[in-house]
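For reference, the structure discussed in these notes is given below.
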Amino acid sequence: MPDAPRTGRYSVFAIAREAMRQHKGWTRAWGNPPPRDRYKVVVVGAGGHGLATAYYLGKNFGITDVAVIEKGWLGGGNTGRNTTIIRSNYLQDPSAAIYEKSRSLFENLSQDLNYNVMFSPRGLIMLAQTEHEVRGYKRTVYANNLQGVATEWIEPARLKELVPIIQLDGPRYPVLGGLYQARGGTARHDAVAWGYARACSDMGMHIIQNCEVKGIDTEGGQIRAVETTKGRIGCDKVALVVAGHSSQLAEMAGFRLPIESVALQALVSEPIKPCMDVVVMANTVHGYLSQSDKGEMVIGGGTDSFNNFTQRGSWHHVEETVRALIETFPMLSRLKMLRQWGGIVDMTGDRSPILSATPVGGIFVNCGWGTGGFKAIPGSGWAMAELIATGAPGPLAADFGLNRFREGRFIDESVAAGVAH
Amino acid sequence: MLILTCPYCGVTAEETELQPGGEAHLKRVGPGGTDEEFEAYLFDRKNAKGVHFERWRHAYGCGRWFLAARCTATLQVFGTYKAQNAHPPSDIVDSIRAARPDWTPDWTTT
């Protein structure tokens, strides 16, 4: 198929116009062009982070000679496999800065992209179910107040008002309070990828699916081209934004990353009537829960702890997650679970991402988002675009460079944020 | 459910009885190593998609550390061996080669 024509703005008038002509005027949301021989920037990976990187390259820096190439289909990796939670209640300053930037971009993302990403700031609660968590989350609230992130500590009575289906006095893990971020919530994960893709395509960028990178051609420590299943594509700069396969792409370019890939899984129940209009995370028992617009209870669990590229998780993690959650949410015990799936997440030692230049000139990496990447998509793209366009990290990305491992400047969220993240 | 056999006590254990310990055969950088070498030893990992050698502990059993050869792309297990081996022993190598003819060891035994 040749380049799709520009789709025009989506609006109530467009719907009315199309209603008058049997909806025959809608065109594809983004083009499907063959790759050119050369681009200024090639982004590898058309997931949320890759597409957002390309979008802000165009929007903030006017760089539109960009191709986003994707091994499979657009948004088919972790972008389409997460539990769509958005929050920014992190302890460490660099994390709070980039995740809050991201969350604030979500507030107007539908208008910005002219594509409904269904951002729903329904509120998010992290349950404190041990004394240790009570102290930890109170500390996070104090830190967030200093960082300008609006969170508060709430007592069990208020929590019960917000989440009527919760059982506060479970025998093993009583609910002692919670860390509440009123403007946290969810968004439609596919729509985030689709909206960015459409906006990129409208700016003249190329989105090339079913195009796997087979090699990275460097000369004198500088990027020259990527070899793909659709031929050789020359470029001045490359961004590797491929989550679980970051190590494989880095190996092609001749360096290693402090990344290990593991499976993280999620599951959904049968759809039921509305029963919970906030997101609840229970980190002590490794479960997090929200209700989708279709009525399914969306449940996320813990990661496998061994290296795994199979996009499916271990069954015992499903059992552990559900077993723990039904103590706090007894009504879940009556639900049938419909689907379970896994994604391959890229874990760093400090559980914080890497946005960085690399030992090869012109190659940049955006990876290591681990189990918490979806919420970061707009902020990650924003910071990555600045890094690629200017060659130096801006204030959001500065602390997330690869050099932090050598210099011992970890941004330790593995302790601060718990597992679910 | 991943199932591995502990080479010390001989028990065939399910994943829940074991604790994974990351990449095997890491060589500690000795005195005189550079910052780059020490960083690579501490943090940089092969993270192979395919044949992978890793450490496991028989945590809810005999408690000992052992090593396993496994495919991270298919979860196939090629075998387990004792942690005293500096490199995977020949029977493990043979079993990997039988299943993955294209695979070659990336170490030298000299």
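By convention here, the chains of the structure tokens are called A, B, ... in the order presented, each chain's residues are numbered starting at 1, and ligands are numbered starting at 1 in the order presented.
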**Request:** Show me which bits of chain A are within 12 Å of chain B, counting only C-alpha atoms, as a VMD selection string.
**Result:** chain A and resid 244 to 251 254 to 263 304 to 320 344 to 350 359 402 to 408 410
**Asked** Near region 109-113 of chain A, counting only C-alpha atoms, which residues have an atom at most 6 Å away, once you skip same-chain residues fewer than 4 positions from it, shown as an NGL selection string?
**Response** :A and (105 or 117 or 195)
Now that the selection is made, can you save its residues with N, CA and C atoms as a compact mmCIF listing (two decimals), in the first residue's frame?
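Saved result, out-v4.txt, follows:
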```
# COMPACT_ATOMS: atom_id res chain seq x y z
N LEU A 105 1.83 14.95 30.81
CA LEU A 105 1.60 14.93 29.36
C LEU A 105 0.36 14.11 29.01
N VAL A 117 -6.91 8.81 23.71
CA VAL A 117 -6.17 7.77 24.41
C VAL A 117 -6.89 7.33 25.68
N GLY A 195 -2.21 6.54 18.50
CA GLY A 195 -2.27 8.00 18.42
C GLY A 195 -0.92 8.60 18.05
```
**Request:** Might you pull out every residue within 7 Å of region 72-79 of chain A, with only C-alpha atoms counted and same-chain residues fewer than 2 positions away left off, and present them as a list in words?
**Result:**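 What passes the distance filter is Ala46, Gly47, Gly48, Glu70, Arg81, Asn82, His189, Asp190, Ala193, Gln209, Asn210, Gly343 and Phe374 of chain A.
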**Message:** Run DSSP on the backbone and tell me which residues of chain B come out as alpha helix (DSSP H); list them as a ChimeraX atom specification.
**Reply:** /B:35-42,90-99
**Prompt:** Excluding same-chain residues fewer than 6 positions from Arg57 (chain B), what lies within 7 Å of it counting only C-alpha atoms, as a PyMOL selection string?
**Reply:** chain B and resi 18-20+63-66
Tell me which protein, DNA and RNA residues are within 10 Å of Gly79 (chain B), counting only C-alpha atoms, leaving out same-chain ones fewer than 2 positions away, and put them as a short mmCIF file (atom, residue, chain, number, x, y, z; two decimals) with N, CA and C atoms, in the first residue's frame.
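As written to disk, out32.cif reads:
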```cif
data_model
loop_
_atom_site.label_atom_id
_atom_site.label_comp_id
_atom_site.auth_asym_id
_atom_site.auth_seq_id
_atom_site.Cartn_x
_atom_site.Cartn_y
_atom_site.Cartn_z
N LEU B 4 14.19 -28.58 37.22
CA LEU B 4 15.63 -28.81 37.14
C LEU B 4 16.03 -29.89 38.14
N THR B 5 17.08 -30.63 37.80
CA THR B 5 17.58 -31.66 38.70
C THR B 5 18.83 -31.15 39.41
N CYS B 6 18.79 -31.19 40.72
CA CYS B 6 19.94 -30.72 41.49
C CYS B 6 21.08 -31.73 41.36
N PRO B 7 22.26 -31.30 40.88
CA PRO B 7 23.34 -32.26 40.67
C PRO B 7 23.98 -32.73 41.97
N PHE B 53 23.72 -19.99 30.40
CA PHE B 53 24.21 -20.72 31.57
C PHE B 53 23.94 -19.87 32.80
N LEU B 67 24.65 -25.14 38.69
CA LEU B 67 24.56 -24.40 37.42
C LEU B 67 23.67 -25.16 36.45
N ALA B 68 23.01 -24.40 35.59
CA ALA B 68 22.10 -25.01 34.62
C ALA B 68 22.36 -24.44 33.24
N ALA B 69 22.19 -25.29 32.22
CA ALA B 69 22.23 -24.83 30.83
C ALA B 69 20.81 -24.90 30.30
N ARG B 70 20.35 -23.78 29.78
CA ARG B 70 18.93 -23.65 29.48
C ARG B 70 18.77 -22.74 28.26
N GLN B 76 13.71 -24.80 27.09
CA GLN B 76 14.28 -26.15 27.10
C GLN B 76 15.48 -26.19 28.05
N VAL B 77 15.57 -27.27 28.83
CA VAL B 77 16.70 -27.44 29.74
C VAL B 77 17.67 -28.45 29.13
N TYR B 81 24.74 -28.95 36.22
CA TYR B 81 26.05 -29.43 36.62
C TYR B 81 26.52 -28.68 37.85
N PRO B 88 31.08 -25.16 31.31
CA PRO B 88 30.14 -26.28 31.19
C PRO B 88 30.86 -27.55 30.76
N ASP B 91 29.53 -33.21 28.60
CA ASP B 91 28.22 -33.82 28.34
C ASP B 91 27.14 -32.76 28.16
N ILE B 92 27.28 -31.64 28.86
CA ILE B 92 26.33 -30.53 28.68
C ILE B 92 26.50 -29.92 27.29
N VAL B 93 27.77 -29.71 26.90
CA VAL B 93 28.04 -29.15 25.58
C VAL B 93 27.47 -30.06 24.50
N SER B 95 24.99 -32.13 24.74
CA SER B 95 23.54 -32.10 24.75
C SER B 95 23.01 -30.80 24.12
N ILE B 96 23.74 -29.69 24.30
CA ILE B 96 23.32 -28.44 23.64
C ILE B 96 23.52 -28.56 22.14
#
```
**Message:** If I take CA of Arg172 (chain A) and CA of Ala266 (chain A), how far is one from the other in Å, to one decimal?
**Reply:** 23.6 Å
**Message:** I need the residues in region 240-312 of chain A that are strand (DSSP E) according to DSSP; give them as a PyMOL selection string.
**Reply:** chain A and resi 240+260-271+279-282+287-291+296-303
**Item:** Shortest interatomic distance to Val238 (chain A) - which of A:Val149, A:Ala52, A:Val360, A:Ala14, counting only C-alpha atoms
**Value:** A:Val360
**Request:** Compile the contact shell of His206 (chain A) as a PyMOL selection string: residues with an atom at most 10 Å away, counting only C-alpha atoms, same-chain residues fewer than 6 positions apart removed.
**Result:** chain A and resi 3+30-36+39+42+54+64-69+197+200
Output C-alpha atoms of each residue in that selection to a file, as a short mmCIF file (atom, residue, chain, number, x, y, z; two decimals), in the first residue's frame.
```cif
data_model
loop_
_atom_site.label_atom_id
_atom_site.label_comp_id
_atom_site.auth_asym_id
_atom_site.auth_seq_id
_atom_site.Cartn_x
_atom_site.Cartn_y
_atom_site.Cartn_z
CA ASP A 3 1.62 6.25 1.72
CA TRP A 30 -1.02 5.96 9.37
CA GLY A 31 0.87 5.18 6.21
CA ASN A 32 2.62 1.96 5.28
CA PRO A 33 5.48 3.08 3.03
CA PRO A 34 8.48 1.05 1.87
CA PRO A 35 11.68 2.20 3.55
CA ARG A 36 13.87 4.79 1.87
CA TYR A 39 16.91 8.76 7.14
CA VAL A 42 16.00 5.61 12.65
CA ALA A 54 9.78 10.00 17.08
CA THR A 64 10.78 14.69 10.67
CA ASP A 65 13.23 12.75 8.48
CA VAL A 66 12.57 9.80 10.76
CA ALA A 67 11.71 6.13 10.29
CA VAL A 68 10.30 3.98 13.07
CA ILE A 69 10.98 0.34 12.23
CA ALA A 197 1.78 6.56 15.14
CA CYS A 200 4.12 10.73 13.37
#
```
**Asked** Pick the closest to Pro94 (chain A) from A:Gln147, A:Thr130, A:Asn60, A:Gln265: which is it, counting only C-alpha atoms?
**Response**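 Nearest to Pro94 (chain A): A:Gln147.
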**Asked** Quick one: of A:Leu240, A:Ile272, A:Ile208, A:Leu91, who's nearest to Gly362 (chain A), counting only C-alpha atoms?
**Response**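 Using only C-alpha atoms, the shortest distance to Gly362 (chain A) belongs to A:Leu240.
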**Item:** Among listed residues A:Val175, A:Ala150, A:Leu57, A:Ala29, nearest Glu131 (chain A) (using only C-alpha atoms)
**Value:**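 Of A:Val175, A:Ala150, A:Leu57, A:Ala29, the one nearest Glu131 (chain A), counting only C-alpha atoms, is A:Val175.
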